[in-house]
Amino acid sequence: MGGLEREPTRARGAGPGFKVAVLGAAGGIGQPLSLLMKMHPLVSTLHLYDVFNTPGVVADLSHTNTSAVVRGFLGNDQLGPALDGMDLVIIPAGVPRKPGMTRDDLFNINAGIVRTLIEGVAKHCPRAFINIISNPVNSTVPIAAEVLKMAGVYDPKRLFGVTTLDVVRANTFVAEVIGVDPKAVDVPVVGGHAGITILPILSQVKPQFSFTDKEVAYLTNRIQNGGTEVVEAKAGAGSATLSMAYAAAKFGESCLRALQGEAGIVECAYVDSEVTELPFFATKVRIGRAGIEEIFPLGPLNHYEREGMEKLKSELHDSIQKGVKFVQNPPAPKK
Ligand SMILES: NC(=O)C1=CN([C@@H]2O[C@H](COP(=O)(O)OP(=O)(O)OC[C@H]3O[C@@H](n4cnc5c(N)ncnc54)[C@H](O)[C@@H]3O)[C@@H](O)[C@H]2O)C=CC1
Ligand SMILES: O=C([O-])CC(=O)C(=O)O
């Protein structure tokens, strides 16, 4: 195809807004998430990185007439340029589940992917907010923290495990039960992001509502197993992608609004925390320009929720330790 004799006149990418990188951008989550970020008015530059098909995704997205400039980066050699100067790095890279698998079954492949990508972040944009989507989140966030510590650039206020999909699901399923618009519902979801470590605090739902025991059991089970519901429905073709892209864009937007200086941005996220004895835990956090400004306590829990808290602790503890150990005592490379 013939090119233009002169370059397009408007130099773009230097306008107001933030620089965002999506790592794993050609995947099931990465593509719709990249579209949503390309449409976002707070994004001026969008860097799409993957080990596969980024030129195709970039060619496609670059034809949308939204102001963000999109650039593609392919393969490990281009990880540095993909990350240079980024304000926000969103990471949905890695393999998804198939029916019968747990999120922890993804550890062997995804742990190494996240470690490599975070080494890149540590080197090229250590002050960026990092949003980790790659599973198992309960372990990949501790992996990221250890890698950043080793590089001497760990700022716990800027590292977030994305658990927004659990909140999105909780709000949707609760809205169905109480018969209101899901946008009007707010359910805190705490703990982690796998099975029983996902703990919806239904007693704190807004608007206030008194659920029956049967409703609590149904809702808790559906929220904890929402990911598996999608994995089974997709029958081998992957896990949640569209709802996850929506959730990641929602959380990413909150990070960008916080970076811009907007006050009062509150989201649930899995973060370095002292709310419990576990070193990482998801609760509501207030995010500001420099990252997490406040981690909210759990608030009053009923008997059912206190039991759920006790049940989740040992699984979450083990997943955290597994991630920490992976970086501190890495497995010997296979011969
Ligand atoms: N936190 C959450 O709530 C959720 C997390 N997930 C997780 O997100 C991850 C991605 O899921 P999908 O997009 O459905 O998978 P996918 O397989 O469709 O896409 C993953 C992408 O990552 C890329 N990739 C692989 N190795 C890479 C590397 N070293 N560097 C950069 N990119 C690399 C692949 O080429 C692919 O394009 C999975 O681990 C999945 O379990 C999925 C849904 C919800
Ligand atoms: O279930 C999975 O494997 C993907 C995921 O984390 C979710 O949908 O919540």
# chains A, B, ... in the order shown; residues from 1 in each chain; ligands from 1

call {"tool": "residues_near_ligand", "arguments": {"ligand": "ligand 1", "cutoff": "6 Å", "atoms": "only C-alpha atoms and all ligand atoms", "output": "PyMOL selection string"}}
result
chain A and resi 23-24+26-30+50-52+92-97+113+133-135+162-163+165+238-241+244

call {"tool": "write_last_selection", "arguments": {"atoms": "C-alpha atoms", "output": "mmCIF file, in the first residue's frame"}}
result
data_model
loop_
_atom_site.group_PDB
_atom_site.id
_atom_site.type_symbol
_atom_site.label_atom_id
_atom_site.label_comp_id
_atom_site.auth_asym_id
_atom_site.auth_seq_id
_atom_site.Cartn_x
_atom_site.Cartn_y
_atom_site.Cartn_z
ATOM 1 C CA LEU A 23 0.700 -6.696 28.653
ATOM 2 C CA GLY A 24 -0.989 -9.725 27.083
ATOM 3 C CA ALA A 26 -3.647 -9.858 22.030
ATOM 4 C CA GLY A 27 -5.514 -12.274 24.309
ATOM 5 C CA GLY A 28 -9.136 -12.878 25.170
ATOM 6 C CA ILE A 29 -9.094 -10.191 27.875
ATOM 7 C CA GLY A 30 -6.343 -8.084 26.313
ATOM 8 C CA ASP A 50 2.232 -9.477 23.679
ATOM 9 C CA VAL A 51 4.327 -12.358 22.393
ATOM 10 C CA PHE A 52 1.779 -12.907 19.609
ATOM 11 C CA PRO A 92 -3.718 -9.931 31.637
ATOM 12 C CA ALA A 93 -0.856 -12.078 30.179
ATOM 13 C CA GLY A 94 -0.900 -15.810 30.728
ATOM 14 C CA VAL A 95 -2.920 -18.952 30.210
ATOM 15 C CA PRO A 96 -6.583 -19.253 31.273
ATOM 16 C CA ARG A 97 -8.321 -22.234 32.908
ATOM 17 C CA ILE A 113 5.331 -14.903 32.838
ATOM 18 C CA ILE A 133 -5.078 -9.793 36.355
ATOM 19 C CA SER A 134 -3.058 -12.967 35.553
ATOM 20 C CA ASN A 135 -4.085 -15.942 37.676
ATOM 21 C CA VAL A 162 -7.507 -6.875 40.288
ATOM 22 C CA THR A 163 -10.510 -8.421 42.084
ATOM 23 C CA LEU A 165 -14.742 -8.887 38.632
ATOM 24 C CA GLY A 238 -11.086 -20.238 28.052
ATOM 25 C CA SER A 239 -12.437 -18.235 30.971
ATOM 26 C CA ALA A 240 -14.145 -14.876 31.478
ATOM 27 C CA THR A 241 -12.851 -12.331 28.967
ATOM 28 C CA MET A 244 -13.080 -9.250 32.920
#

call {"tool": "residues_around", "arguments": {"residues": "A:Thr140", "least_positions_apart": "5", "cutoff": "8 Å", "atoms": "only C-alpha atoms", "output": "compact mmCIF listing (two decimals) with C-alpha atoms, in the first residue's frame"}}
result
# COMPACT_ATOMS: atom_id res chain seq x y z
CA ASN A 110 1.82 -17.89 34.72
CA ALA A 111 4.23 -17.38 37.63
CA VAL A 114 4.42 -12.45 35.60
CA ILE A 132 -2.37 -7.66 37.95
CA SER A 134 -3.06 -12.97 35.55
CA ASN A 135 -4.09 -15.94 37.68
CA GLY A 323 4.37 -16.98 45.25

call {"tool": "residues_around", "arguments": {"residues": "stretch 287-296 of chain A", "least_positions_apart": "5", "cutoff": "12 Å", "atoms": "only C-alpha atoms", "output": "ChimeraX atom specification"}}
result
/A:87-88,127-131,155-160,188,190,251-276,280-282

call {"tool": "closest_residue", "arguments": {"among": "A:Ser203, A:Thr220, A:Gln328, A:Thr212", "to": "A:Leu298", "atoms": "only C-alpha atoms"}}
result
A:Ser203

call {"tool": "select_by_dssp", "arguments": {"residues": "stretch 23-147 of chain A", "states": "alpha helix (DSSP H)", "output": "JSON, numbers by chain"}}
result
{"A": [30, 31, 32, 33, 34, 35, 36, 37, 38, 54, 55, 56, 57, 58, 59, 60, 61, 79, 80, 81, 82, 83, 107, 108, 109, 110, 111, 112, 113, 114, 115, 116, 117, 118, 119, 120, 121, 122, 123, 124, 137, 138, 139, 140, 141, 142, 143, 144, 145, 146, 147]}

call {"tool": "write_last_selection", "arguments": {"atoms": "C-alpha atoms", "output": "compact mmCIF listing (two decimals), in the first residue's frame"}}
result
# COMPACT_ATOMS: atom_id res chain seq x y z
CA GLY A 30 -6.34 -8.08 26.31
CA GLN A 31 -8.20 -7.24 23.10
CA PRO A 32 -11.51 -5.94 24.52
CA LEU A 33 -9.62 -4.28 27.39
CA SER A 34 -7.37 -2.51 24.90
CA LEU A 35 -10.45 -1.31 23.00
CA LEU A 36 -11.98 0.06 26.21
CA MET A 37 -8.72 1.84 27.12
CA LYS A 38 -8.38 3.22 23.55
CA THR A 54 0.17 -7.36 18.47
CA PRO A 55 0.72 -5.88 14.98
CA GLY A 56 -2.73 -7.14 13.96
CA VAL A 57 -4.47 -5.85 17.08
CA VAL A 58 -2.75 -2.46 16.76
CA ALA A 59 -3.58 -2.09 13.05
CA ASP A 60 -7.21 -2.83 13.88
CA LEU A 61 -7.50 -0.56 16.94
CA LEU A 79 9.21 -5.21 26.47
CA GLY A 80 11.46 -2.28 27.50
CA PRO A 81 10.16 0.19 24.90
CA ALA A 82 6.60 -0.97 25.65
CA LEU A 83 7.05 0.02 29.29
CA PHE A 107 0.77 -21.29 38.55
CA ASN A 108 3.50 -23.25 36.75
CA ILE A 109 3.10 -21.26 33.53
CA ASN A 110 1.82 -17.89 34.72
CA ALA A 111 4.23 -17.38 37.63
CA GLY A 112 7.20 -17.17 35.27
CA ILE A 113 5.33 -14.90 32.84
CA VAL A 114 4.42 -12.45 35.60
CA ARG A 115 7.96 -12.52 37.02
CA THR A 116 9.47 -11.59 33.63
CA LEU A 117 6.94 -8.83 32.99
CA ILE A 118 7.41 -7.31 36.45
CA GLU A 119 11.21 -7.38 36.00
CA GLY A 120 10.52 -5.20 32.98
CA VAL A 121 8.30 -2.86 34.98
CA ALA A 122 10.95 -2.61 37.72
CA LYS A 123 13.51 -1.53 35.14
CA HIS A 124 11.48 0.69 32.84
CA VAL A 137 -3.89 -13.62 41.54
CA ASN A 138 -3.48 -14.85 45.14
CA SER A 139 0.10 -15.84 44.18
CA THR A 140 0.98 -13.59 41.22
CA VAL A 141 0.64 -10.40 43.32
CA PRO A 142 3.11 -11.69 45.97
CA ILE A 143 5.40 -12.72 43.07
CA ALA A 144 5.26 -9.18 41.71
CA ALA A 145 5.99 -7.73 45.15
CA GLU A 146 9.05 -9.96 45.62
CA VAL A 147 10.42 -9.11 42.17

call {"tool": "atom_distance", "arguments": {"atom1": "atom CA of A:Ala245", "atom2": "atom CA of A:Ala25"}}
result
10.8 Å

call {"tool": "closest_residue", "arguments": {"among": "A:Met86, A:Cys125, A:Ile201, A:Val231", "to": "A:Met309", "atoms": "only C-alpha atoms"}}
result
A:Ile201

call {"tool": "closest_residue", "arguments": {"among": "A:Lys234, A:His63, A:Lys19, A:His40", "to": "ligand 2", "atoms": "only C-alpha atoms and all ligand atoms"}}
result
A:Lys234

call {"tool": "select_by_dssp", "arguments": {"residues": "stretch 25-72 of chain A", "states": "strand (DSSP E)", "output": "PyMOL selection string"}}
result
chain A and resi 43-50+69-72

call {"tool": "write_last_selection", "arguments": {"atoms": "N, CA and C atoms", "output": "CSV table (one decimal), in the first residue's frame"}}
result
chain,number,residue,atom,x,y,z
A,43,VAL,N,-6.8,8.5,28.6
A,43,VAL,CA,-5.6,7.8,28.0
A,43,VAL,C,-5.1,8.5,26.8
A,44,SER,N,-3.9,9.0,26.8
A,44,SER,CA,-3.3,9.7,25.7
A,44,SER,C,-2.5,8.7,24.8
A,45,THR,N,-1.8,7.7,25.5
A,45,THR,CA,-0.9,6.8,24.8
A,45,THR,C,-1.2,5.4,25.3
A,46,LEU,N,-1.4,4.5,24.3
A,46,LEU,CA,-1.7,3.1,24.7
A,46,LEU,C,-0.7,2.2,24.1
A,47,HIS,N,0.1,1.5,24.9
A,47,HIS,CA,1.1,0.5,24.4
A,47,HIS,C,0.6,-0.9,24.6
A,48,LEU,N,0.5,-1.6,23.5
A,48,LEU,CA,0.0,-3.0,23.5
A,48,LEU,C,1.2,-4.0,23.3
A,49,TYR,N,1.4,-4.8,24.4
A,49,TYR,CA,2.5,-5.7,24.3
A,49,TYR,C,2.0,-7.2,24.4
A,50,ASP,N,2.6,-8.0,23.6
A,50,ASP,CA,2.2,-9.5,23.7
A,50,ASP,C,3.4,-10.2,23.0
A,69,VAL,N,-3.2,7.5,21.2
A,69,VAL,CA,-2.3,6.9,20.2
A,69,VAL,C,-2.0,5.5,20.6
A,70,VAL,N,-2.1,4.6,19.7
A,70,VAL,CA,-1.8,3.2,20.1
A,70,VAL,C,-0.6,2.7,19.3
A,71,ARG,N,0.3,2.0,20.1
A,71,ARG,CA,1.5,1.5,19.5
A,71,ARG,C,1.7,0.0,19.9
A,72,GLY,N,2.2,-0.8,19.0
A,72,GLY,CA,2.4,-2.2,19.4
A,72,GLY,C,3.8,-2.7,19.6

call {"tool": "atom_distance", "arguments": {"atom1": "atom CA of A:Ser67", "atom2": "atom CA of A:Val20"}}
result
13.5 Å

call {"tool": "decode", "arguments": {"residues": "stretch 209-231 of chain A", "atoms": "N, CA and C atoms", "output": "PDB file, in the first residue's frame"}}
result
ATOM      1  N   PHE A 209     -30.100  -4.446  52.880  1.00  0.00           N
ATOM      2  CA  PHE A 209     -31.097  -5.477  52.570  1.00  0.00           C
ATOM      3  C   PHE A 209     -30.864  -6.650  53.504  1.00  0.00           C
ATOM      4  N   SER A 210     -31.938  -7.250  53.957  1.00  0.00           N
ATOM      5  CA  SER A 210     -31.815  -8.374  54.871  1.00  0.00           C
ATOM      6  C   SER A 210     -32.079  -9.672  54.103  1.00  0.00           C
ATOM      7  N   PHE A 211     -31.015 -10.400  53.771  1.00  0.00           N
ATOM      8  CA  PHE A 211     -31.149 -11.643  53.000  1.00  0.00           C
ATOM      9  C   PHE A 211     -31.561 -12.787  53.924  1.00  0.00           C
ATOM     10  N   THR A 212     -32.288 -13.760  53.370  1.00  0.00           N
ATOM     11  CA  THR A 212     -32.547 -14.993  54.127  1.00  0.00           C
ATOM     12  C   THR A 212     -31.272 -15.832  54.109  1.00  0.00           C
ATOM     13  N   ASP A 213     -31.172 -16.816  54.994  1.00  0.00           N
ATOM     14  CA  ASP A 213     -29.997 -17.704  55.018  1.00  0.00           C
ATOM     15  C   ASP A 213     -29.829 -18.396  53.669  1.00  0.00           C
ATOM     16  N   LYS A 214     -30.958 -18.761  53.066  1.00  0.00           N
ATOM     17  CA  LYS A 214     -30.905 -19.457  51.770  1.00  0.00           C
ATOM     18  C   LYS A 214     -30.322 -18.520  50.693  1.00  0.00           C
ATOM     19  N   GLU A 215     -30.753 -17.259  50.729  1.00  0.00           N
ATOM     20  CA  GLU A 215     -30.226 -16.290  49.747  1.00  0.00           C
ATOM     21  C   GLU A 215     -28.729 -16.066  49.954  1.00  0.00           C
ATOM     22  N   VAL A 216     -28.305 -15.981  51.215  1.00  0.00           N
ATOM     23  CA  VAL A 216     -26.879 -15.779  51.516  1.00  0.00           C
ATOM     24  C   VAL A 216     -26.063 -16.955  50.970  1.00  0.00           C
ATOM     25  N   ALA A 217     -26.553 -18.170  51.209  1.00  0.00           N
ATOM     26  CA  ALA A 217     -25.815 -19.363  50.750  1.00  0.00           C
ATOM     27  C   ALA A 217     -25.755 -19.379  49.222  1.00  0.00           C
ATOM     28  N   TYR A 218     -26.874 -19.087  48.576  1.00  0.00           N
ATOM     29  CA  TYR A 218     -26.911 -19.086  47.105  1.00  0.00           C
ATOM     30  C   TYR A 218     -25.964 -18.016  46.544  1.00  0.00           C
ATOM     31  N   LEU A 219     -26.056 -16.806  47.093  1.00  0.00           N
ATOM     32  CA  LEU A 219     -25.247 -15.693  46.551  1.00  0.00           C
ATOM     33  C   LEU A 219     -23.752 -15.929  46.790  1.00  0.00           C
ATOM     34  N   THR A 220     -23.408 -16.361  47.999  1.00  0.00           N
ATOM     35  CA  THR A 220     -21.988 -16.574  48.311  1.00  0.00           C
ATOM     36  C   THR A 220     -21.411 -17.621  47.368  1.00  0.00           C
ATOM     37  N   ASN A 221     -22.133 -18.707  47.196  1.00  0.00           N
ATOM     38  CA  ASN A 221     -21.661 -19.782  46.321  1.00  0.00           C
ATOM     39  C   ASN A 221     -21.539 -19.294  44.876  1.00  0.00           C
ATOM     40  N   ARG A 222     -22.503 -18.527  44.408  1.00  0.00           N
ATOM     41  CA  ARG A 222     -22.462 -18.092  43.000  1.00  0.00           C
ATOM     42  C   ARG A 222     -21.315 -17.108  42.773  1.00  0.00           C
ATOM     43  N   ILE A 223     -21.090 -16.225  43.754  1.00  0.00           N
ATOM     44  CA  ILE A 223     -20.006 -15.233  43.611  1.00  0.00           C
ATOM     45  C   ILE A 223     -18.654 -15.955  43.669  1.00  0.00           C
ATOM     46  N   GLN A 224     -18.517 -16.913  44.595  1.00  0.00           N
ATOM     47  CA  GLN A 224     -17.236 -17.630  44.723  1.00  0.00           C
ATOM     48  C   GLN A 224     -16.939 -18.471  43.487  1.00  0.00           C
ATOM     49  N   ASN A 225     -17.986 -18.918  42.813  1.00  0.00           N
ATOM     50  CA  ASN A 225     -17.785 -19.821  41.672  1.00  0.00           C
ATOM     51  C   ASN A 225     -18.158 -19.189  40.335  1.00  0.00           C
ATOM     52  N   GLY A 226     -18.227 -17.865  40.304  1.00  0.00           N
ATOM     53  CA  GLY A 226     -18.583 -17.167  39.056  1.00  0.00           C
ATOM     54  C   GLY A 226     -17.593 -17.470  37.944  1.00  0.00           C
ATOM     55  N   GLY A 227     -16.324 -17.534  38.277  1.00  0.00           N
ATOM     56  CA  GLY A 227     -15.291 -17.820  37.268  1.00  0.00           C
ATOM     57  C   GLY A 227     -15.485 -19.215  36.694  1.00  0.00           C
ATOM     58  N   THR A 228     -15.760 -20.180  37.577  1.00  0.00           N
ATOM     59  CA  THR A 228     -15.949 -21.571  37.136  1.00  0.00           C
ATOM     60  C   THR A 228     -17.214 -21.691  36.275  1.00  0.00           C
ATOM     61  N   GLU A 229     -18.246 -20.902  36.626  1.00  0.00           N
ATOM     62  CA  GLU A 229     -19.483 -20.914  35.827  1.00  0.00           C
ATOM     63  C   GLU A 229     -19.155 -20.568  34.363  1.00  0.00           C
ATOM     64  N   VAL A 230     -18.278 -19.571  34.173  1.00  0.00           N
ATOM     65  CA  VAL A 230     -17.922 -19.157  32.804  1.00  0.00           C
ATOM     66  C   VAL A 230     -16.999 -20.197  32.152  1.00  0.00           C
ATOM     67  N   VAL A 231     -16.027 -20.697  32.922  1.00  0.00           N
ATOM     68  CA  VAL A 231     -15.105 -21.715  32.372  1.00  0.00           C
ATOM     69  C   VAL A 231     -15.903 -22.912  31.850  1.00  0.00           C
TER      70      VAL A 231
END
